[in-house]
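Q: Below you will find the structure I want to go over with you.
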Amino acid sequence: MEFGLTEDTGGHITYVLGAAVALARRSDVDRIEIVTRLIDDRTLGAAYAVPEERIARKLYVRRLDTGDRRYLSKEAGVADRPAFRSALICYIAGLPRMPDLIHAHFADAGEIALAVRDRFGIPFVYTAHSLAIEKAAIASDETSLAVRIREEDRIIGAADAVIASSRDEAERQLMLYPSACSSRIHSIPPGASLDGQQHENLAEAERLVAPFLRDPAKPMILAIARPVAKKNLAGLIELYALDADLRARANLVILAGLRDGPGTGECEQRQVIGSLLEHLDRHDLYGSLALPKRHRQEDVASLYGLARETGGVFANAAFTEPYGLTLTEAALHGLPVVATCHGGAPDIVAGLGHGSVADPRDPAGFAAAIRALLDDRGRWEKASEAGRRNSRALNWNSYAERFVAVIKPLIVEQSLPRGEQSPTRLLLCDIDNTVTGCRIGASELARYLAREVPLGFGVATGRSLQEALRLLREWQMPDPHVLITSVGSEIYWWEAGRLVPDVAFRAHIDQGWVPELVEARVAAIRDVRPQRPVEQRRHKRSYLVDDPSVVAAVRDAVADLPVRVVYSHGRFLDILPESAGKGMAMIWAARRLGIPRDRVYAAGDSGNDLDMLAMCRNPILVANHSDELASLARSAGVYVSRRAHAAGIVEGMRAYAGRVAA
């Protein structure tokens, strides 16, 4: 397969190179070209004026001459975009073989990729870094952001697939755009690497910060971020300065890009750097705050290492962080973190287990979270070790594998997962602790499904579409014919190798659904907390309850509304439209496939499977089912497996087959 990657020279080069190098190593990739502008600028060096540069086997950088060889800022580059588009189209037209795919980073590259697709029919994938819609709440320049939001929305709607870096970016941020379609959005975390610059030279790091610090042996609070407003670097200095204990306990080191002086760089950079220097002076932080002007790429790894060796903490106090690559880099170096609770950072910290999250809008609380790690050595060591251990799974090879799985259907037309034959029976399975839980059982189920054509396979889960797909791939299950997700409030179908949302079902359950009324009623009940924003869906409001007795109060509060209340796992509470839910979605899916109710089978283990199992004529309870389903287990007509997890599904299906044969 042959790729094109369009990316400006200024942004996310670690991401682009890390992904490209890993993809180039694969046997199913023929060639990758990273395409950018040709720049002839003495201050940058001659390398940027080389038309073709080989980076690795099968990986090249292609620099196109637009007629303007100056280095251009992102804003100035807008005027040069038509020339770059023409140069790229001319270059592709002269190739002996068309690229199979274009991968565009940022909306400006997306506009160019869209033009290429219109000209040559080459599909394109869009990776949207630093979405403008997230910046709009905190930025002052609303006019320019409005233009960028419209541009991003157009590309999000037009792209053949959209790549996000985290669940929050995939399921919340991108879905704020009117043109977003969840079935074309895929969450693929980037790799945790520094492009081979893993060597830590602690002596160099000490020399970098020594001129600023009176007592460099103190624990280091390290922050690494671009000098932009949303990173809240001035807020980090402020909370550090106002917490006397923290200030006495640790030094603060901020690596905020490169600068020659406070008056250099673009407008936002000048404003941010000026604010950092003003805070330094106003709080008299000389001797405890380091703001290096210049650094080399290898210094970054060394600073992570030095912060770890001093028993320090990495701090990301951004107002919102779409992903937070620095958080995975900190984990790789065994440096515990305190990160913003807004955006994708909570997913990273929860997955790596290397620290905690806090709200940067609560400066005292954020400072307390940093102190909690600094003051508890046992907790610090546990977080350090967890980061080192768990970050190994976040590598660019894993990214490349998942990326290729996403793009293959765009390049090669595929049929239904197991052939063109329409299913005559349908098996719907919950995922967590039903399909998953035992690798041996999951393999047995996969083999069973491969043999039982034309048995249709579907999943019905409380998880989102992106999370459901991730788990199915992780457990090596076949692609389902149908995915019922978000506790039965969304349905997706495989059609010609692509996922398509069931818009008719969406319109059906939308009737009478007023989520604002639900939110108002539940808000008045104590001990009920909304789940994270990423868990809220168009037709689902999700809460956490610690006391099961509160569930009755919730049911009473919404009793006159056309809604369904689903309680599961002794903690999770979901409120859906009355015509939604796993059971209703199961009936809808069976009707669409033309499969009679007596040829539909459902397997589950917990309370959010109850309506599906109760409405199914062939229900299967796996042996590890929760106490929430104890009464159902005693009902006539329910098959209760002796085996747990996926093996219990196979046992149940064979038992029903035996009854039919008898």
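Each chain of the structure tokens is named A, B, ... in the order shown, its residues numbered from 1; ligands are numbered from 1 in display order.
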Neighbouring residues of segment 553-557 of chain A were defined as those with any atom within 10 Å, considering only C-alpha atoms; residues of the same chain fewer than 5 positions away were excluded. Please report them as a list in words.

A: Val518, Ala520, Arg521, Val522, Ala523, Ala524, Ile525, Arg526, Val528, Pro548, Val563, Arg564, Val565, Val566, Leu573 and Ile575 of chain A

Q: With a distance cut-off of 8 Å and only C-alpha atoms, select the neighbouring residues of segment 370-387 of chain A, excluding the residue or stretch itself and same-chain residues fewer than 4 positions from it, and output the selection as an NGL selection string.

A: :A and (219 or 246 or 311-313 or 315 or 330-336 or 338 or 352-355 or 366 or 391)

Q: Let's have the selection written as an mmCIF file, in the first residue's frame, with N, CA and C atoms.

A:
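Listing of selection_22.cif after writing:
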data_model
loop_
_atom_site.group_PDB
_atom_site.id
_atom_site.type_symbol
_atom_site.label_atom_id
_atom_site.label_comp_id
_atom_site.auth_asym_id
_atom_site.auth_seq_id
_atom_site.Cartn_x
_atom_site.Cartn_y
_atom_site.Cartn_z
ATOM 1 N N PRO A 219 12.884 18.193 44.800
ATOM 2 C CA PRO A 219 12.051 17.552 43.781
ATOM 3 C C PRO A 219 11.630 18.558 42.711
ATOM 4 N N LEU A 246 4.165 23.888 48.871
ATOM 5 C CA LEU A 246 4.657 23.359 47.605
ATOM 6 C C LEU A 246 5.899 24.122 47.157
ATOM 7 N N GLY A 311 12.745 12.757 42.613
ATOM 8 C CA GLY A 311 11.485 12.411 43.277
ATOM 9 C C GLY A 311 10.376 13.371 42.922
ATOM 10 N N GLY A 312 10.435 13.924 41.708
ATOM 11 C CA GLY A 312 9.502 14.954 41.290
ATOM 12 C C GLY A 312 8.256 14.429 40.611
ATOM 13 N N VAL A 313 7.540 15.349 39.965
ATOM 14 C CA VAL A 313 6.244 15.063 39.358
ATOM 15 C C VAL A 313 6.147 15.820 38.043
ATOM 16 N N ALA A 315 3.665 17.808 35.606
ATOM 17 C CA ALA A 315 2.380 18.492 35.768
ATOM 18 C C ALA A 315 1.860 18.968 34.416
ATOM 19 N N ALA A 330 6.219 10.830 29.987
ATOM 20 C CA ALA A 330 6.574 10.823 31.409
ATOM 21 C C ALA A 330 6.486 9.410 31.971
ATOM 22 N N ALA A 331 5.440 8.687 31.590
ATOM 23 C CA ALA A 331 5.289 7.307 32.052
ATOM 24 C C ALA A 331 6.455 6.446 31.607
ATOM 25 N N LEU A 332 6.874 6.624 30.374
ATOM 26 C CA LEU A 332 7.976 5.855 29.821
ATOM 27 C C LEU A 332 9.251 6.027 30.653
ATOM 28 N N HIS A 333 9.420 7.213 31.234
ATOM 29 C CA HIS A 333 10.606 7.516 32.038
ATOM 30 C C HIS A 333 10.377 7.297 33.536
ATOM 31 N N GLY A 334 9.221 6.741 33.898
ATOM 32 C CA GLY A 334 8.966 6.456 35.309
ATOM 33 C C GLY A 334 8.696 7.691 36.136
ATOM 34 N N LEU A 335 8.188 8.760 35.517
ATOM 35 C CA LEU A 335 7.899 10.004 36.227
ATOM 36 C C LEU A 335 6.402 10.107 36.485
ATOM 37 N N PRO A 336 5.961 10.081 37.747
ATOM 38 C CA PRO A 336 4.534 10.214 38.059
ATOM 39 C C PRO A 336 3.981 11.552 37.589
ATOM 40 N N VAL A 338 0.570 14.546 37.547
ATOM 41 C CA VAL A 338 -0.722 15.119 37.920
ATOM 42 C C VAL A 338 -1.208 15.857 36.685
ATOM 43 N N LEU A 352 -2.600 4.028 32.373
ATOM 44 C CA LEU A 352 -1.204 3.813 32.764
ATOM 45 C C LEU A 352 -1.024 3.730 34.273
ATOM 46 N N GLY A 353 -1.963 4.267 35.023
ATOM 47 C CA GLY A 353 -1.903 4.188 36.488
ATOM 48 C C GLY A 353 -0.718 4.890 37.093
ATOM 49 N N HIS A 354 -0.270 5.989 36.462
ATOM 50 C CA HIS A 354 0.979 6.612 36.903
ATOM 51 C C HIS A 354 0.779 7.991 37.538
ATOM 52 N N GLY A 355 -0.388 8.182 38.140
ATOM 53 C CA GLY A 355 -0.602 9.448 38.828
ATOM 54 C C GLY A 355 -2.063 9.724 39.053
ATOM 55 N N PHE A 366 -5.402 21.433 42.627
ATOM 56 C CA PHE A 366 -4.348 20.917 41.750
ATOM 57 C C PHE A 366 -3.015 20.870 42.500
ATOM 58 N N SER A 391 3.340 1.639 30.043
ATOM 59 C CA SER A 391 3.586 2.423 28.833
ATOM 60 C C SER A 391 4.182 1.583 27.713
#

Q: Excluding Leu465 of chain A and its own-chain neighbours fewer than 3 positions away, which residues fall within 8 Å of it when counting only C-alpha atoms? Please give them as a ChimeraX atom specification.

A: /A:182-183,468-469,483,485-486

Q: Using DSSP secondary structure from the backbone, list all strand (DSSP E or B) positions within segment 201-391 of chain A, as a list in words.

A: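 Secondary structure check on segment 201-391 of chain A, strand (DSSP E or B): Leu213, Met220, Ile221, Leu222, Ala223, Ile224, Asn251, Leu252, Val253, Ile254, Leu255, Gly287, Leu289, Ala290, Val313, Phe314, Ala315, Asn316, Glu321, Val337, Val338, Ala339, Thr340, Gly343, Gly355, Ser356, Val357 and Ala358 of chain A.
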
Q: Select, from A:Lys582, A:Arg402, A:Arg643, A:Arg439, the residue with the minimum atom-to-atom distance to Met615 of chain A, counting only C-alpha atoms.

A: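 Closest to Met615 of chain A of all the choices is A:Lys582.
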
Q: When you count only C-alpha atoms, which of these residues is closest to Pro409 of chain A: A:Val147, A:Leu445, A:Ala496, A:Ala589?

A: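 Closest to Pro409 of chain A, using only C-alpha atoms: A:Ala496.
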
Q: If you run DSSP on the backbone here, which positions in segment 135-268 of chain A get alpha helix (DSSP H)? Please write them as a PDB file with N, CA and C atoms, in the first residue's frame.

A:
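New file selection15.pdb:
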ATOM      1  N   LYS A 135     -10.863  24.927  21.992  1.00  0.00           N
ATOM      2  CA  LYS A 135     -10.193  26.179  22.335  1.00  0.00           C
ATOM      3  C   LYS A 135     -11.175  27.338  22.465  1.00  0.00           C
ATOM      4  N   GLU A 142     -12.332  34.883  18.900  1.00  0.00           N
ATOM      5  CA  GLU A 142     -13.426  34.015  18.503  1.00  0.00           C
ATOM      6  C   GLU A 142     -13.636  33.983  16.992  1.00  0.00           C
ATOM      7  N   THR A 143     -13.298  35.081  16.309  1.00  0.00           N
ATOM      8  CA  THR A 143     -13.536  35.157  14.867  1.00  0.00           C
ATOM      9  C   THR A 143     -12.688  34.147  14.111  1.00  0.00           C
ATOM     10  N   SER A 144     -11.368  34.137  14.387  1.00  0.00           N
ATOM     11  CA  SER A 144     -10.498  33.205  13.682  1.00  0.00           C
ATOM     12  C   SER A 144     -10.828  31.766  14.048  1.00  0.00           C
ATOM     13  N   LEU A 145     -11.221  31.520  15.309  1.00  0.00           N
ATOM     14  CA  LEU A 145     -11.592  30.165  15.709  1.00  0.00           C
ATOM     15  C   LEU A 145     -12.869  29.722  15.015  1.00  0.00           C
ATOM     16  N   ALA A 146     -13.807  30.631  14.824  1.00  0.00           N
ATOM     17  CA  ALA A 146     -15.050  30.278  14.133  1.00  0.00           C
ATOM     18  C   ALA A 146     -14.766  29.823  12.709  1.00  0.00           C
ATOM     19  N   VAL A 147     -13.821  30.505  12.057  1.00  0.00           N
ATOM     20  CA  VAL A 147     -13.428  30.104  10.697  1.00  0.00           C
ATOM     21  C   VAL A 147     -12.810  28.719  10.716  1.00  0.00           C
ATOM     22  N   ARG A 148     -11.924  28.478  11.686  1.00  0.00           N
ATOM     23  CA  ARG A 148     -11.264  27.177  11.762  1.00  0.00           C
ATOM     24  C   ARG A 148     -12.258  26.075  12.118  1.00  0.00           C
ATOM     25  N   ILE A 149     -13.218  26.368  12.989  1.00  0.00           N
ATOM     26  CA  ILE A 149     -14.221  25.367  13.357  1.00  0.00           C
ATOM     27  C   ILE A 149     -15.035  24.962  12.130  1.00  0.00           C
ATOM     28  N   ARG A 150     -15.421  25.935  11.314  1.00  0.00           N
ATOM     29  CA  ARG A 150     -16.170  25.613  10.089  1.00  0.00           C
ATOM     30  C   ARG A 150     -15.318  24.760   9.149  1.00  0.00           C
ATOM     31  N   GLU A 151     -14.035  25.089   9.056  1.00  0.00           N
ATOM     32  CA  GLU A 151     -13.133  24.324   8.198  1.00  0.00           C
ATOM     33  C   GLU A 151     -12.979  22.899   8.728  1.00  0.00           C
ATOM     34  N   GLU A 152     -12.781  22.762  10.036  1.00  0.00           N
ATOM     35  CA  GLU A 152     -12.652  21.429  10.632  1.00  0.00           C
ATOM     36  C   GLU A 152     -13.928  20.621  10.433  1.00  0.00           C
ATOM     37  N   ASP A 153     -15.084  21.269  10.606  1.00  0.00           N
ATOM     38  CA  ASP A 153     -16.353  20.560  10.457  1.00  0.00           C
ATOM     39  C   ASP A 153     -16.501  20.008   9.044  1.00  0.00           C
ATOM     40  N   ARG A 154     -16.111  20.805   8.056  1.00  0.00           N
ATOM     41  CA  ARG A 154     -16.203  20.345   6.666  1.00  0.00           C
ATOM     42  C   ARG A 154     -15.331  19.120   6.439  1.00  0.00           C
ATOM     43  N   ILE A 155     -14.121  19.139   6.968  1.00  0.00           N
ATOM     44  CA  ILE A 155     -13.207  18.018   6.752  1.00  0.00           C
ATOM     45  C   ILE A 155     -13.646  16.793   7.548  1.00  0.00           C
ATOM     46  N   ILE A 156     -14.120  16.992   8.769  1.00  0.00           N
ATOM     47  CA  ILE A 156     -14.615  15.871   9.573  1.00  0.00           C
ATOM     48  C   ILE A 156     -15.764  15.172   8.860  1.00  0.00           C
ATOM     49  N   GLY A 157     -16.631  15.958   8.234  1.00  0.00           N
ATOM     50  CA  GLY A 157     -17.750  15.373   7.511  1.00  0.00           C
ATOM     51  C   GLY A 157     -17.356  14.719   6.198  1.00  0.00           C
ATOM     52  N   ALA A 158     -16.285  15.207   5.587  1.00  0.00           N
ATOM     53  CA  ALA A 158     -15.902  14.712   4.264  1.00  0.00           C
ATOM     54  C   ALA A 158     -14.944  13.531   4.308  1.00  0.00           C
ATOM     55  N   ARG A 167     -10.394   8.542  23.826  1.00  0.00           N
ATOM     56  CA  ARG A 167     -11.846   8.386  23.877  1.00  0.00           C
ATOM     57  C   ARG A 167     -12.529   9.741  23.921  1.00  0.00           C
ATOM     58  N   ASP A 168     -11.998  10.650  24.742  1.00  0.00           N
ATOM     59  CA  ASP A 168     -12.632  11.954  24.884  1.00  0.00           C
ATOM     60  C   ASP A 168     -12.647  12.688  23.552  1.00  0.00           C
ATOM     61  N   LEU A 202      21.641  12.949  32.537  1.00  0.00           N
ATOM     62  CA  LEU A 202      21.221  13.756  33.676  1.00  0.00           C
ATOM     63  C   LEU A 202      22.128  14.961  33.881  1.00  0.00           C
ATOM     64  N   ALA A 203      23.399  14.801  33.560  1.00  0.00           N
ATOM     65  CA  ALA A 203      24.332  15.920  33.725  1.00  0.00           C
ATOM     66  C   ALA A 203      23.946  17.080  32.814  1.00  0.00           C
ATOM     67  N   GLU A 204      23.529  16.764  31.570  1.00  0.00           N
ATOM     68  CA  GLU A 204      23.110  17.813  30.650  1.00  0.00           C
ATOM     69  C   GLU A 204      21.850  18.502  31.152  1.00  0.00           C
ATOM     70  N   ALA A 205      20.905  17.710  31.690  1.00  0.00           N
ATOM     71  CA  ALA A 205      19.679  18.292  32.222  1.00  0.00           C
ATOM     72  C   ALA A 205      19.982  19.210  33.405  1.00  0.00           C
ATOM     73  N   GLU A 206      20.923  18.781  34.258  1.00  0.00           N
ATOM     74  CA  GLU A 206      21.309  19.615  35.402  1.00  0.00           C
ATOM     75  C   GLU A 206      21.914  20.932  34.936  1.00  0.00           C
ATOM     76  N   ARG A 207      22.745  20.871  33.875  1.00  0.00           N
ATOM     77  CA  ARG A 207      23.353  22.104  33.349  1.00  0.00           C
ATOM     78  C   ARG A 207      22.296  23.031  32.755  1.00  0.00           C
ATOM     79  N   LEU A 208      21.241  22.446  32.199  1.00  0.00           N
ATOM     80  CA  LEU A 208      20.198  23.254  31.577  1.00  0.00           C
ATOM     81  C   LEU A 208      19.427  24.080  32.607  1.00  0.00           C
ATOM     82  N   VAL A 209      19.166  23.485  33.789  1.00  0.00           N
ATOM     83  CA  VAL A 209      18.329  24.170  34.782  1.00  0.00           C
ATOM     84  C   VAL A 209      19.134  24.828  35.896  1.00  0.00           C
ATOM     85  N   LEU A 233       0.086  27.539  31.358  1.00  0.00           N
ATOM     86  CA  LEU A 233       1.385  27.523  32.033  1.00  0.00           C
ATOM     87  C   LEU A 233       1.477  28.630  33.089  1.00  0.00           C
ATOM     88  N   ALA A 234       0.891  29.794  32.801  1.00  0.00           N
ATOM     89  CA  ALA A 234       0.876  30.862  33.803  1.00  0.00           C
ATOM     90  C   ALA A 234       0.065  30.441  35.023  1.00  0.00           C
ATOM     91  N   GLY A 235      -1.020  29.695  34.787  1.00  0.00           N
ATOM     92  CA  GLY A 235      -1.816  29.196  35.902  1.00  0.00           C
ATOM     93  C   GLY A 235      -1.039  28.222  36.762  1.00  0.00           C
ATOM     94  N   LEU A 236      -0.182  27.416  36.134  1.00  0.00           N
ATOM     95  CA  LEU A 236       0.660  26.489  36.890  1.00  0.00           C
ATOM     96  C   LEU A 236       1.627  27.255  37.785  1.00  0.00           C
ATOM     97  N   ILE A 237       2.234  28.308  37.244  1.00  0.00           N
ATOM     98  CA  ILE A 237       3.131  29.127  38.072  1.00  0.00           C
ATOM     99  C   ILE A 237       2.354  29.751  39.225  1.00  0.00           C
ATOM    100  N   GLU A 238       1.163  30.236  38.939  1.00  0.00           N
ATOM    101  CA  GLU A 238       0.350  30.896  39.962  1.00  0.00           C
ATOM    102  C   GLU A 238       0.011  29.950  41.113  1.00  0.00           C
ATOM    103  N   LEU A 239      -0.443  28.748  40.794  1.00  0.00           N
ATOM    104  CA  LEU A 239      -0.817  27.817  41.860  1.00  0.00           C
ATOM    105  C   LEU A 239       0.404  27.362  42.654  1.00  0.00           C
ATOM    106  N   TYR A 240       1.537  27.261  41.971  1.00  0.00           N
ATOM    107  CA  TYR A 240       2.796  26.933  42.656  1.00  0.00           C
ATOM    108  C   TYR A 240       3.203  28.063  43.588  1.00  0.00           C
ATOM    109  N   ALA A 241       3.118  29.295  43.112  1.00  0.00           N
ATOM    110  CA  ALA A 241       3.557  30.443  43.904  1.00  0.00           C
ATOM    111  C   ALA A 241       2.686  30.662  45.131  1.00  0.00           C
ATOM    112  N   LEU A 242       1.391  30.359  45.011  1.00  0.00           N
ATOM    113  CA  LEU A 242       0.466  30.641  46.103  1.00  0.00           C
ATOM    114  C   LEU A 242       0.391  29.534  47.143  1.00  0.00           C
ATOM    115  N   ALA A 244       2.474  27.846  49.709  1.00  0.00           N
ATOM    116  CA  ALA A 244       3.757  28.008  50.398  1.00  0.00           C
ATOM    117  C   ALA A 244       4.451  26.667  50.628  1.00  0.00           C
ATOM    118  N   ASP A 245       3.688  25.646  50.991  1.00  0.00           N
ATOM    119  CA  ASP A 245       4.283  24.329  51.238  1.00  0.00           C
ATOM    120  C   ASP A 245       4.890  23.752  49.961  1.00  0.00           C
ATOM    121  N   LEU A 246       4.165  23.888  48.871  1.00  0.00           N
ATOM    122  CA  LEU A 246       4.657  23.359  47.605  1.00  0.00           C
ATOM    123  C   LEU A 246       5.899  24.122  47.157  1.00  0.00           C
ATOM    124  N   ARG A 247       5.857  25.400  47.319  1.00  0.00           N
ATOM    125  CA  ARG A 247       6.980  26.239  46.917  1.00  0.00           C
ATOM    126  C   ARG A 247       8.239  25.901  47.719  1.00  0.00           C
ATOM    127  N   ALA A 248       8.069  25.621  49.025  1.00  0.00           N
ATOM    128  CA  ALA A 248       9.207  25.263  49.864  1.00  0.00           C
ATOM    129  C   ALA A 248       9.698  23.848  49.578  1.00  0.00           C
ATOM    130  N   ARG A 249       8.789  23.006  49.101  1.00  0.00           N
ATOM    131  CA  ARG A 249       9.086  21.574  48.930  1.00  0.00           C
ATOM    132  C   ARG A 249       9.768  21.261  47.607  1.00  0.00           C
ATOM    133  N   CYS A 267       2.349  35.886  17.827  1.00  0.00           N
ATOM    134  CA  CYS A 267       1.652  36.728  18.808  1.00  0.00           C
ATOM    135  C   CYS A 267       1.311  35.968  20.084  1.00  0.00           C
ATOM    136  N   GLU A 268       0.700  34.774  19.948  1.00  0.00           N
ATOM    137  CA  GLU A 268       0.287  34.041  21.142  1.00  0.00           C
ATOM    138  C   GLU A 268       1.496  33.619  21.967  1.00  0.00           C
TER     139      GLU A 268
END

Q: Rank A:Val404, A:Glu266, A:Ala113, A:Ala93 by their smallest atom-to-atom distance to Asp28 of chain A, using only C-alpha atoms, and report the top residue only.

A: A:Val404

Q: Identify which of the residues A:Ala442, A:Ala161, A:Ala115, A:Val534 lies closest to Met175 of chain A, counting only C-alpha atoms when measuring atom-to-atom distances.

A: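 So, comparing all the options, the nearest one is A:Val534.
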
Q: So that each row is one residue of segment 97-131 of chain A with an atom at most 12 Å from segment 34-40 of chain A, can you give its shortest atom pair and the distance in Å to one decimal, using only C-alpha atoms, rows by chain and rising number, as a tab-separated table?

A:
residue	atom	partner	partner_atom	distance
A:Ile102	CA	A:Ile34	CA	10.0
A:His103	CA	A:Ile34	CA	9.3
A:Ala104	CA	A:Val35	CA	9.8
A:His105	CA	A:Ile34	CA	10.8
A:Asp108	CA	A:Thr36	CA	12.0
A:Ala109	CA	A:Thr36	CA	9.6
A:Ile112	CA	A:Val35	CA	11.4
A:Ala113	CA	A:Val35	CA	11.3

Q: Take the selection from the previous step and output its residues with C-alpha atoms, as an mmCIF file, in the first residue's frame.

A:
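For reference, out_29.cif as written:
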data_model
loop_
_atom_site.group_PDB
_atom_site.id
_atom_site.type_symbol
_atom_site.label_atom_id
_atom_site.label_comp_id
_atom_site.auth_asym_id
_atom_site.auth_seq_id
_atom_site.Cartn_x
_atom_site.Cartn_y
_atom_site.Cartn_z
ATOM 1 C CA ILE A 102 -3.814 10.282 1.854
ATOM 2 C CA HIS A 103 -3.465 10.923 5.592
ATOM 3 C CA ALA A 104 -4.000 14.581 6.444
ATOM 4 C CA HIS A 105 -3.071 16.223 9.753
ATOM 5 C CA ASP A 108 -5.570 22.883 6.249
ATOM 6 C CA ALA A 109 -4.022 19.608 5.103
ATOM 7 C CA ILE A 112 -5.799 19.696 0.310
ATOM 8 C CA ALA A 113 -6.542 15.984 0.763
#
